[in-house]
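Chemist: This is run.pdb (PDB, C-alpha atoms).
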```pdb
ATOM      1  CA  MET G   1      -7.800 -19.540   1.454  1.00  0.00           C
ATOM      2  CA  ILE G   2      -6.000 -16.339   2.391  1.00  0.00           C
ATOM      3  CA  GLN G   3      -2.312 -16.360   1.522  1.00  0.00           C
ATOM      4  CA  SER G   4      -0.195 -16.094   4.666  1.00  0.00           C
ATOM      5  CA  GLU G   5       2.367 -13.300   4.797  1.00  0.00           C
ATOM      6  CA  SER G   6       5.169 -15.787   5.326  1.00  0.00           C
ATOM      7  CA  SER G   7       4.539 -17.318   1.892  1.00  0.00           C
ATOM      8  CA  ASN G   8       3.595 -14.142   0.012  1.00  0.00           C
ATOM      9  CA  PRO G   9       6.609 -13.441  -2.249  1.00  0.00           C
ATOM     10  CA  PHE G  10       5.887  -9.713  -2.234  1.00  0.00           C
ATOM     11  CA  CYS G  11       5.976  -9.098   1.512  1.00  0.00           C
ATOM     12  CA  THR G  12       8.533  -6.483   2.529  1.00  0.00           C
ATOM     13  CA  ARG G  13      11.141  -8.802   3.996  1.00  0.00           C
ATOM     14  CA  PHE G  14      11.362 -10.735   0.715  1.00  0.00           C
ATOM     15  CA  VAL G  15      11.753  -7.724  -1.604  1.00  0.00           C
ATOM     16  CA  LYS G  16      13.600  -5.116   0.469  1.00  0.00           C
ATOM     17  CA  PRO G  17      17.074  -4.027  -0.749  1.00  0.00           C
ATOM     18  CA  GLY G  18      19.558  -6.793  -0.026  1.00  0.00           C
ATOM     19  CA  ALA G  19      16.915  -9.525   0.180  1.00  0.00           C
ATOM     20  CA  ILE G  20      17.064 -10.201  -3.553  1.00  0.00           C
ATOM     21  CA  PRO G  21      20.072  -9.892  -5.873  1.00  0.00           C
ATOM     22  CA  TYR G  22      20.427  -7.114  -8.399  1.00  0.00           C
ATOM     23  CA  HIS G  23      20.087  -8.354 -11.981  1.00  0.00           C
ATOM     24  CA  PHE G  24      22.462  -7.024 -14.610  1.00  0.00           C
ATOM     25  CA  PHE G  25      20.336  -7.655 -17.688  1.00  0.00           C
ATOM     26  CA  GLU G  26      23.098  -6.308 -19.920  1.00  0.00           C
ATOM     27  CA  SER G  27      25.632  -8.713 -18.365  1.00  0.00           C
ATOM     28  CA  GLN G  28      26.531 -10.095 -21.777  1.00  0.00           C
ATOM     29  CA  LYS G  29      28.662  -6.952 -22.169  1.00  0.00           C
ATOM     30  CA  SER G  30      30.860  -8.018 -19.284  1.00  0.00           C
ATOM     31  CA  ASP G  31      31.656 -11.370 -17.743  1.00  0.00           C
ATOM     32  CA  ASP G  32      31.554  -9.796 -14.277  1.00  0.00           C
ATOM     33  CA  PRO G  33      29.676  -6.465 -14.249  1.00  0.00           C
ATOM     34  CA  LEU G  34      29.885  -6.193 -10.458  1.00  0.00           C
ATOM     35  CA  ALA G  35      33.686  -6.445 -10.529  1.00  0.00           C
ATOM     36  CA  LEU G  36      33.720  -3.783 -13.244  1.00  0.00           C
ATOM     37  CA  LEU G  37      31.729  -1.405 -11.025  1.00  0.00           C
ATOM     38  CA  ILE G  38      33.998  -2.079  -8.049  1.00  0.00           C
ATOM     39  CA  ASP G  39      37.002  -1.301 -10.227  1.00  0.00           C
ATOM     40  CA  ARG G  40      35.420   1.967 -11.419  1.00  0.00           C
ATOM     41  CA  LEU G  41      34.916   3.052  -7.810  1.00  0.00           C
ATOM     42  CA  GLU G  42      38.676   3.478  -7.562  1.00  0.00           C
ATOM     43  CA  HIS G  43      38.847   6.189 -10.193  1.00  0.00           C
ATOM     44  CA  ALA G  44      36.633   9.063  -8.988  1.00  0.00           C
ATOM     45  CA  PRO G  45      36.068  10.726  -5.606  1.00  0.00           C
ATOM     46  CA  ARG G  46      32.347  11.254  -6.233  1.00  0.00           C
ATOM     47  CA  MET G  47      30.193   8.659  -7.913  1.00  0.00           C
ATOM     48  CA  GLN G  48      26.440   8.260  -8.353  1.00  0.00           C
ATOM     49  CA  ILE G  49      23.898   5.573  -9.122  1.00  0.00           C
ATOM     50  CA  VAL G  50      21.063   7.272 -10.984  1.00  0.00           C
ATOM     51  CA  GLY G  51      17.523   6.107 -11.640  1.00  0.00           C
ATOM     52  CA  PRO G  52      13.827   6.694 -10.913  1.00  0.00           C
ATOM     53  CA  HIS G  53      11.972   5.521  -7.817  1.00  0.00           C
ATOM     54  CA  GLY G  54      11.813   1.752  -7.459  1.00  0.00           C
ATOM     55  CA  SER G  55      14.251   0.959 -10.272  1.00  0.00           C
ATOM     56  CA  GLY G  56      16.802  -0.948  -8.163  1.00  0.00           C
ATOM     57  CA  LYS G  57      19.243   1.738  -6.968  1.00  0.00           C
ATOM     58  CA  SER G  58      19.147   0.699  -3.302  1.00  0.00           C
ATOM     59  CA  THR G  59      19.331  -2.991  -4.221  1.00  0.00           C
ATOM     60  CA  LEU G  60      22.433  -2.391  -6.348  1.00  0.00           C
ATOM     61  CA  LEU G  61      23.930  -0.207  -3.628  1.00  0.00           C
ATOM     62  CA  GLU G  62      23.479  -2.970  -1.044  1.00  0.00           C
ATOM     63  CA  LEU G  63      25.140  -5.446  -3.402  1.00  0.00           C
ATOM     64  CA  LEU G  64      28.099  -3.092  -3.903  1.00  0.00           C
ATOM     65  CA  ARG G  65      28.412  -2.523  -0.169  1.00  0.00           C
ATOM     66  CA  ARG G  66      28.571  -6.242   0.536  1.00  0.00           C
ATOM     67  CA  GLU G  67      31.121  -6.770  -2.203  1.00  0.00           C
ATOM     68  CA  LEU G  68      33.278  -3.927  -0.915  1.00  0.00           C
ATOM     69  CA  ASP G  69      33.182  -5.393   2.575  1.00  0.00           C
ATOM     70  CA  ARG G  70      34.727  -8.628   1.361  1.00  0.00           C
ATOM     71  CA  SER G  71      36.684  -7.317  -1.600  1.00  0.00           C
ATOM     72  CA  GLU G  72      40.397  -8.002  -1.903  1.00  0.00           C
ATOM     73  CA  LEU G  73      41.063  -4.966  -4.093  1.00  0.00           C
ATOM     74  CA  ASP G  74      43.828  -2.592  -3.118  1.00  0.00           C
ATOM     75  CA  HIS G  75      42.089  -0.419  -0.544  1.00  0.00           C
ATOM     76  CA  SER G  76      45.011   1.969  -0.447  1.00  0.00           C
ATOM     77  CA  ARG G  77      43.763   3.379  -3.722  1.00  0.00           C
ATOM     78  CA  LEU G  78      40.391   4.220  -2.152  1.00  0.00           C
ATOM     79  CA  GLY G  79      41.853   5.425   1.129  1.00  0.00           C
ATOM     80  CA  HIS G  80      42.547   4.007   4.575  1.00  0.00           C
ATOM     81  CA  SER G  81      41.024   4.822   7.902  1.00  0.00           C
ATOM     82  CA  GLU G  82      43.655   6.786   9.822  1.00  0.00           C
ATOM     83  CA  ARG G  83      42.182   5.583  13.075  1.00  0.00           C
ATOM     84  CA  SER G  84      42.145   1.858  12.398  1.00  0.00           C
ATOM     85  CA  GLY G  85      44.615   1.545   9.537  1.00  0.00           C
ATOM     86  CA  ARG G  86      42.068  -0.173   7.301  1.00  0.00           C
ATOM     87  CA  PHE G  87      39.554   0.839   4.668  1.00  0.00           C
ATOM     88  CA  GLU G  88      36.303   2.043   6.215  1.00  0.00           C
ATOM     89  CA  ILE G  89      32.778   2.387   4.800  1.00  0.00           C
ATOM     90  CA  ALA G  90      29.785   4.165   6.344  1.00  0.00           C
ATOM     91  CA  THR G  91      26.236   4.284   4.984  1.00  0.00           C
ATOM     92  CA  ALA G  92      23.468   6.851   5.501  1.00  0.00           C
ATOM     93  CA  LYS G  93      20.040   5.690   4.328  1.00  0.00           C
ATOM     94  CA  LEU G  94      17.780   8.677   3.736  1.00  0.00           C
ATOM     95  CA  HIS G  95      14.069   8.219   3.079  1.00  0.00           C
ATOM     96  CA  ALA G  96      11.388  10.365   1.493  1.00  0.00           C
ATOM     97  CA  ASN G  97       8.957  12.365   3.594  1.00  0.00           C
ATOM     98  CA  SER G  98       5.891  10.198   4.290  1.00  0.00           C
ATOM     99  CA  LEU G  99       3.896  13.189   5.589  1.00  0.00           C
ATOM    100  CA  HIS G 100       3.076  15.192   2.469  1.00  0.00           C
ATOM    101  CA  GLY G 101       1.591  18.511   3.387  1.00  0.00           C
ATOM    102  CA  SER G 102       2.857  21.702   4.958  1.00  0.00           C
ATOM    103  CA  TRP G 103       6.203  23.335   4.320  1.00  0.00           C
ATOM    104  CA  LYS G 104       6.925  22.916   8.020  1.00  0.00           C
ATOM    105  CA  SER G 105       6.696  19.148   7.660  1.00  0.00           C
ATOM    106  CA  ALA G 106       8.980  19.231   4.627  1.00  0.00           C
ATOM    107  CA  PHE G 107      11.463  21.451   6.457  1.00  0.00           C
ATOM    108  CA  ARG G 108      11.550  19.220   9.539  1.00  0.00           C
ATOM    109  CA  HIS G 109      12.085  16.168   7.357  1.00  0.00           C
ATOM    110  CA  SER G 110      14.918  17.866   5.469  1.00  0.00           C
ATOM    111  CA  ARG G 111      16.646  18.817   8.723  1.00  0.00           C
ATOM    112  CA  GLU G 112      16.206  15.286  10.105  1.00  0.00           C
ATOM    113  CA  MET G 113      17.775  13.739   6.998  1.00  0.00           C
ATOM    114  CA  ALA G 114      20.627  16.257   7.079  1.00  0.00           C
ATOM    115  CA  ARG G 115      21.394  15.485  10.729  1.00  0.00           C
ATOM    116  CA  LEU G 116      21.387  11.754  10.008  1.00  0.00           C
ATOM    117  CA  ALA G 117      23.756  12.076   7.047  1.00  0.00           C
ATOM    118  CA  GLN G 118      26.069  14.438   8.913  1.00  0.00           C
ATOM    119  CA  GLN G 119      26.248  12.165  11.958  1.00  0.00           C
ATOM    120  CA  VAL G 120      27.284   9.253   9.754  1.00  0.00           C
ATOM    121  CA  GLN G 121      29.857  11.356   7.929  1.00  0.00           C
ATOM    122  CA  CYS G 122      31.373  12.758  11.114  1.00  0.00           C
ATOM    123  CA  LYS G 123      31.869   9.250  12.509  1.00  0.00           C
ATOM    124  CA  LEU G 124      33.595   8.097   9.329  1.00  0.00           C
ATOM    125  CA  SER G 125      37.365   8.291   9.484  1.00  0.00           C
ATOM    126  CA  LYS G 126      39.431  10.355   7.082  1.00  0.00           C
ATOM    127  CA  GLY G 127      39.964   8.598   3.782  1.00  0.00           C
ATOM    128  CA  GLY G 128      36.847   6.416   4.076  1.00  0.00           C
ATOM    129  CA  LEU G 129      33.964   5.862   1.675  1.00  0.00           C
ATOM    130  CA  LEU G 130      30.653   7.538   2.527  1.00  0.00           C
ATOM    131  CA  ILE G 131      27.580   5.961   0.938  1.00  0.00           C
ATOM    132  CA  VAL G 132      24.415   8.076   0.896  1.00  0.00           C
ATOM    133  CA  ASP G 133      21.267   6.340  -0.310  1.00  0.00           C
ATOM    134  CA  GLY G 134      18.839   9.136  -1.194  1.00  0.00           C
ATOM    135  CA  TRP G 135      21.060  12.171  -1.783  1.00  0.00           C
ATOM    136  CA  GLU G 136      18.074  14.125  -3.165  1.00  0.00           C
ATOM    137  CA  GLN G 137      16.608  14.232   0.373  1.00  0.00           C
ATOM    138  CA  LEU G 138      19.275  16.796   1.293  1.00  0.00           C
ATOM    139  CA  SER G 139      18.772  20.489   0.686  1.00  0.00           C
ATOM    140  CA  TRP G 140      21.293  22.126  -1.632  1.00  0.00           C
ATOM    141  CA  ILE G 141      23.020  23.835   1.263  1.00  0.00           C
ATOM    142  CA  ASP G 142      23.272  20.635   3.335  1.00  0.00           C
ATOM    143  CA  ALA G 143      24.599  18.777   0.296  1.00  0.00           C
ATOM    144  CA  ARG G 144      27.203  21.496  -0.240  1.00  0.00           C
ATOM    145  CA  TRP G 145      28.393  21.287   3.365  1.00  0.00           C
ATOM    146  CA  MET G 146      28.728  17.504   3.094  1.00  0.00           C
ATOM    147  CA  LEU G 147      30.775  17.868  -0.074  1.00  0.00           C
ATOM    148  CA  ARG G 148      33.080  20.384   1.584  1.00  0.00           C
ATOM    149  CA  ARG G 149      33.522  18.150   4.616  1.00  0.00           C
ATOM    150  CA  ALA G 150      34.269  15.191   2.342  1.00  0.00           C
ATOM    151  CA  ARG G 151      37.020  17.167   0.591  1.00  0.00           C
ATOM    152  CA  ARG G 152      38.568  18.262   3.876  1.00  0.00           C
ATOM    153  CA  ARG G 153      38.542  14.725   5.239  1.00  0.00           C
ATOM    154  CA  ASN G 154      39.557  13.099   1.943  1.00  0.00           C
ATOM    155  CA  GLN G 155      36.374  11.016   1.960  1.00  0.00           C
ATOM    156  CA  ARG G 156      34.998   9.461  -1.193  1.00  0.00           C
ATOM    157  CA  LEU G 157      31.267   9.595  -1.932  1.00  0.00           C
ATOM    158  CA  LEU G 158      28.932   7.058  -3.513  1.00  0.00           C
ATOM    159  CA  VAL G 159      25.327   8.257  -3.674  1.00  0.00           C
ATOM    160  CA  THR G 160      21.991   7.369  -5.225  1.00  0.00           C
ATOM    161  CA  SER G 161      19.914  10.025  -6.917  1.00  0.00           C
ATOM    162  CA  HIS G 162      16.859  10.347  -9.148  1.00  0.00           C
ATOM    163  CA  ARG G 163      18.722  12.706 -11.481  1.00  0.00           C
ATOM    164  CA  LYS G 164      22.321  13.219 -12.501  1.00  0.00           C
ATOM    165  CA  LEU G 165      24.272  15.423 -10.114  1.00  0.00           C
ATOM    166  CA  ARG G 166      26.847  17.953 -11.231  1.00  0.00           C
ATOM    167  CA  GLY G 167      30.355  17.014 -10.183  1.00  0.00           C
ATOM    168  CA  PHE G 168      29.548  13.296  -9.801  1.00  0.00           C
ATOM    169  CA  VAL G 169      30.612  10.533 -12.166  1.00  0.00           C
ATOM    170  CA  THR G 170      27.779   8.158 -13.051  1.00  0.00           C
ATOM    171  CA  LEU G 171      28.746   4.681 -11.906  1.00  0.00           C
ATOM    172  CA  TYR G 172      25.520   3.073 -13.106  1.00  0.00           C
ATOM    173  CA  GLN G 173      22.069   4.093 -14.341  1.00  0.00           C
ATOM    174  CA  THR G 174      19.108   1.901 -13.422  1.00  0.00           C
ATOM    175  CA  HIS G 175      15.932   1.642 -15.469  1.00  0.00           C
ATOM    176  CA  LEU G 176      13.184  -0.858 -16.096  1.00  0.00           C
ATOM    177  CA  THR G 177      11.379  -2.219 -19.139  1.00  0.00           C
ATOM    178  CA  ARG G 178       8.314  -4.409 -19.349  1.00  0.00           C
ATOM    179  CA  GLU G 179      10.519  -7.401 -20.142  1.00  0.00           C
ATOM    180  CA  ARG G 180      12.641  -6.802 -17.058  1.00  0.00           C
ATOM    181  CA  VAL G 181       9.634  -6.303 -14.800  1.00  0.00           C
ATOM    182  CA  ASN G 182       8.067  -9.521 -16.098  1.00  0.00           C
ATOM    183  CA  ALA G 183      11.301 -11.475 -15.649  1.00  0.00           C
ATOM    184  CA  LEU G 184      11.858 -10.220 -12.093  1.00  0.00           C
ATOM    185  CA  THR G 185       8.238 -10.883 -11.145  1.00  0.00           C
ATOM    186  CA  ASP G 186       8.247 -14.380 -12.622  1.00  0.00           C
ATOM    187  CA  GLU G 187      11.159 -15.225 -10.318  1.00  0.00           C
ATOM    188  CA  ARG G 188       9.075 -14.127  -7.340  1.00  0.00           C
ATOM    189  CA  ILE G 189       5.936 -16.118  -8.184  1.00  0.00           C
ATOM    190  CA  GLY G 190       7.407 -19.440  -9.286  1.00  0.00           C
ATOM    191  CA  HIS G 191       6.136 -21.274  -6.177  1.00  0.00           C
ATOM    192  CA  LEU G 192       2.577 -19.889  -6.367  1.00  0.00           C
ATOM    193  CA  SER G 193      -0.383 -21.778  -7.782  1.00  0.00           C
ATOM    194  CA  PRO G 194      -1.175 -21.393 -11.505  1.00  0.00           C
ATOM    195  CA  LEU G 195      -4.202 -19.258 -10.621  1.00  0.00           C
ATOM    196  CA  GLN G 196      -2.167 -16.931  -8.432  1.00  0.00           C
ATOM    197  CA  GLN G 197       0.494 -16.608 -11.116  1.00  0.00           C
ATOM    198  CA  SER G 198      -2.189 -15.828 -13.693  1.00  0.00           C
ATOM    199  CA  LEU G 199      -3.675 -13.117 -11.475  1.00  0.00           C
ATOM    200  CA  VAL G 200      -0.305 -11.428 -11.001  1.00  0.00           C
ATOM    201  CA  GLN G 201       0.643 -11.675 -14.673  1.00  0.00           C
ATOM    202  CA  GLY G 202      -2.759 -10.332 -15.720  1.00  0.00           C
ATOM    203  CA  PHE G 203      -2.315  -7.388 -13.380  1.00  0.00           C
ATOM    204  CA  LEU G 204       1.088  -6.560 -14.886  1.00  0.00           C
ATOM    205  CA  GLU G 205      -0.323  -6.755 -18.409  1.00  0.00           C
ATOM    206  CA  SER G 206      -2.971  -4.201 -17.453  1.00  0.00           C
ATOM    207  CA  ARG G 207      -0.426  -1.676 -16.200  1.00  0.00           C
ATOM    208  CA  LYS G 208       1.612   0.797 -18.181  1.00  0.00           C
ATOM    209  CA  ILE G 209       5.282  -0.083 -17.708  1.00  0.00           C
ATOM    210  CA  ASP G 210       8.148   2.075 -18.937  1.00  0.00           C
ATOM    211  CA  SER G 211      11.553   3.370 -17.823  1.00  0.00           C
ATOM    212  CA  GLN G 212       9.919   5.419 -15.021  1.00  0.00           C
ATOM    213  CA  THR G 213       7.993   2.493 -13.526  1.00  0.00           C
ATOM    214  CA  ASN G 214       8.316   2.028  -9.771  1.00  0.00           C
ATOM    215  CA  LEU G 215       8.729  -1.717  -9.314  1.00  0.00           C
ATOM    216  CA  ARG G 216       8.413  -1.408  -5.540  1.00  0.00           C
ATOM    217  CA  ASP G 217       4.920   0.089  -5.884  1.00  0.00           C
ATOM    218  CA  LEU G 218       3.940  -2.535  -8.446  1.00  0.00           C
ATOM    219  CA  TRP G 219       4.975  -5.296  -6.073  1.00  0.00           C
ATOM    220  CA  PHE G 220       3.058  -3.695  -3.223  1.00  0.00           C
ATOM    221  CA  ASP G 221      -0.065  -4.056  -5.383  1.00  0.00           C
ATOM    222  CA  CYS G 222       0.903  -7.633  -6.231  1.00  0.00           C
ATOM    223  CA  TYR G 223       1.108  -8.373  -2.509  1.00  0.00           C
ATOM    224  CA  ASP G 224      -2.571  -7.496  -2.154  1.00  0.00           C
ATOM    225  CA  ILE G 225      -3.494  -9.581  -5.194  1.00  0.00           C
ATOM    226  CA  VAL G 226      -1.731 -12.668  -3.852  1.00  0.00           C
ATOM    227  CA  ASN G 227      -2.943 -12.111  -0.310  1.00  0.00           C
ATOM    228  CA  HIS G 228      -6.621 -11.464  -0.996  1.00  0.00           C
ATOM    229  CA  ARG G 229      -7.493 -13.003  -4.354  1.00  0.00           C
ATOM    230  CA  SER G 230      -5.997 -16.466  -4.008  1.00  0.00           C
ATOM    231  CA  ILE G 231      -7.745 -19.753  -3.453  1.00  0.00           C
TER     232      ILE G 231
END
```
Take the structure from the file and write it as structure tokens.
Modeler:
Amino acid sequence: MIQSESSNPFCTRFVKPGAIPYHFFESQKSDDPLALLIDRLEHAPRMQIVGPHGSGKSTLLELLRRELDRSELDHSRLGHSERSGRFEIATAKLHANSLHGSWKSAFRHSREMARLAQQVQCKLSKGGLLIVDGWEQLSWIDARWMLRRARRRNQRLLVTSHRKLRGFVTLYQTHLTRERVNALTDERIGHLSPLQQSLVQGFLESRKIDSQTNLRDLWFDCYDIVNHRSI
């Protein structure tokens, strides 16, 4: 029997950022690690979440955004929207170039991402928080212009990046281990048949997993295993 997409735990709508919670595996160091991160956001104008592809940066960012939306912290310390009189947040989600090839394609993609980020920033009121998911998609000159505009408009920045950025305080660094990958995957496959679970677990055991592992790509492969090798 072919597994239907609606019950496949690795289909996109079940694993996209925001669909599943971010897991703080080191949570024993803090009773409320999310509250600690929210509190740290008050103390620097530029902050970054750093980690390799598929390590949970966008998922954590979505969790922070939701918490900020409903947070009761003193927004005056982060800044108020001059236009509305309340704290304002705007998010630009930048994606990698799916058309690998010519420099022209790379250039067009870079300009498209820059225009998107700049449009979001220009609509954000003075004193607001600008979230940029995928800062590395910007060229150095576009990134510099956004930083200058943020200073002029007293806007704070929270970005995700694959490497540490100069001038940004690291809010959190994401990384994966085999134990974490296994734990996260086990949560996804709990409702599957024993055979399906065995197939997925066997696949993970056959793969090299380290701090640079892309969990999103691993789960894409697991989708095919569940969808086409189940009975």
Chemist: If the box runs along x, y and z of the file and leaves 6 Å on each side of stretch 35-38 of chain G, what are its centre and edge lengths in Å, one decimal, as lines of an AutoDock Vina configuration file?
Modeler:
```
center_x = 32.9
center_y = -3.9
center_z = -10.6
size_x = 14.3
size_y = 17.0
size_z = 17.2
```
Chemist: Could you please give me, as a list in words, the residues of protein, DNA or RNA lying at most 7 Å from (10.4, 3.5, -11.7) in the coordinate frame of the file, considering only C-alpha atoms?
Modeler: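 Residues with an atom at most 7 Å from (10.4, 3.5, -11.7): Pro52, His53, Gly54, Ser55, His175, Leu176, Ser211, Gln212, Thr213, Asn214 and Leu215 of chain G.
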Chemist: Go ahead and write the selection's residues with C-alpha atoms as a CSV table (one decimal), in the coordinates of the input.
Modeler:
```
chain,number,residue,atom,x,y,z
G,52,PRO,CA,13.8,6.7,-10.9
G,53,HIS,CA,12.0,5.5,-7.8
G,54,GLY,CA,11.8,1.8,-7.5
G,55,SER,CA,14.3,1.0,-10.3
G,175,HIS,CA,15.9,1.6,-15.5
G,176,LEU,CA,13.2,-0.9,-16.1
G,211,SER,CA,11.6,3.4,-17.8
G,212,GLN,CA,9.9,5.4,-15.0
G,213,THR,CA,8.0,2.5,-13.5
G,214,ASN,CA,8.3,2.0,-9.8
G,215,LEU,CA,8.7,-1.7,-9.3
```
Chemist: Given the point (25.5, 3.2, -12.3) in the coordinates of this file, which residues lie within 12 Å, counting all atoms listed in the file, and how would they look as a PyMOL selection string?
Modeler: chain G and resi 24+33-34+36-38+40-41+47-51+55-61+64+158-164+168-175
Chemist: Just say which residues the PyMOL selection byres ((chain G and resi 65) around 10) picks in this file, as a ChimeraX atom specification.
Modeler: /G:18,38,59-64,66-71,89-91,131
Chemist: Those same residues - C-alpha atoms - I'd like them written as a PDB file, in the frame of the given file.
Modeler:
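New file again-v2.pdb:
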```pdb
ATOM      1  CA  GLY G  18      19.558  -6.793  -0.026  1.00  0.00           C
ATOM      2  CA  ILE G  38      33.998  -2.079  -8.049  1.00  0.00           C
ATOM      3  CA  THR G  59      19.331  -2.991  -4.221  1.00  0.00           C
ATOM      4  CA  LEU G  60      22.433  -2.391  -6.348  1.00  0.00           C
ATOM      5  CA  LEU G  61      23.930  -0.207  -3.628  1.00  0.00           C
ATOM      6  CA  GLU G  62      23.479  -2.970  -1.044  1.00  0.00           C
ATOM      7  CA  LEU G  63      25.140  -5.446  -3.402  1.00  0.00           C
ATOM      8  CA  LEU G  64      28.099  -3.092  -3.903  1.00  0.00           C
ATOM      9  CA  ARG G  66      28.571  -6.242   0.536  1.00  0.00           C
ATOM     10  CA  GLU G  67      31.121  -6.770  -2.203  1.00  0.00           C
ATOM     11  CA  LEU G  68      33.278  -3.927  -0.915  1.00  0.00           C
ATOM     12  CA  ASP G  69      33.182  -5.393   2.575  1.00  0.00           C
ATOM     13  CA  ARG G  70      34.727  -8.628   1.361  1.00  0.00           C
ATOM     14  CA  SER G  71      36.684  -7.317  -1.600  1.00  0.00           C
ATOM     15  CA  ILE G  89      32.778   2.387   4.800  1.00  0.00           C
ATOM     16  CA  ALA G  90      29.785   4.165   6.344  1.00  0.00           C
ATOM     17  CA  THR G  91      26.236   4.284   4.984  1.00  0.00           C
ATOM     18  CA  ILE G 131      27.580   5.961   0.938  1.00  0.00           C
TER      19      ILE G 131
END
```
Chemist: Between G:Ala117, G:Leu138, G:Met146, G:Val226, which has the minimum distance to G:His191 (counting only C-alpha atoms)?
Modeler: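 For G:His191, the nearest of the candidates is G:Val226.
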Chemist: Mind pulling up the distance from atom CA of G:Asn182 to atom CA of G:Lys208?
Modeler: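 Pair atom CA of G:Lys208 / atom CA of G:Asn182 returns 12.3 Å.
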Chemist: Find the nearest atom pair between each residue of stretch 96-215 of chain G and stretch 7-17 of chain G for residues within 10 Å, count only C-alpha atoms, give distances in Å to one decimal, sort rows by chain and ascending number, and present the table as CSV.
Modeler:
```
residue,atom,partner,partner_atom,distance
G:Thr185,CA,G:Phe10,CA,9.3
G:Glu187,CA,G:Pro9,CA,9.4
G:Arg188,CA,G:Pro9,CA,5.7
G:Ile189,CA,G:Pro9,CA,6.5
G:Gly190,CA,G:Pro9,CA,9.3
G:His191,CA,G:Pro9,CA,8.8
G:Leu192,CA,G:Asn8,CA,8.6
```
Chemist: For the atom pair atom CA of G:Phe25 and atom CA of G:Arg216, what is the interatomic distance in Å to one decimal place?
Modeler: 18.1 Å
Chemist: Suppose you want the space between atom CA of G:Thr177 and atom CA of G:Phe203; what is it in Å?
Modeler: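 These atoms are spaced 15.7 Å apart.
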Chemist: So, with all atoms listed in the file as the atoms that count, which of G:Val132, G:Leu165, G:Pro21, G:Gln137 lies closest to G:Arg108?
Modeler: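 Answer, going by the shortest atom-to-atom distance: G:Gln137.
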Chemist: Under the PyMOL selection byres ((chain G and resi 223) around 10), which residues of this model are included? Write them out as a ChimeraX atom specification.
Modeler: /G:3,5,8-12,200,217-222,224-229
Chemist: Restricting the calculation to all atoms listed in the file, which member of G:Ser105, G:Lys123, G:Arg156, G:Leu130 is positioned closest to G:Lys93?
Modeler: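 The shortest atom-to-atom distance to G:Lys93 comes from G:Leu130.
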Chemist: Give the answer as one residue: which of G:Glu42, G:Asp186, G:Asp32, G:Glu136 has the shortest atom-to-atom distance to G:Met113, using all atoms listed in the file?
Modeler: G:Glu136
Chemist: Counting only C-alpha atoms, figure out which residue out of G:Trp145, G:Leu94, G:Asp133, G:Ile209 gets nearest to G:Arg180.
Modeler: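 Result for the nearest residue to G:Arg180: G:Ile209.
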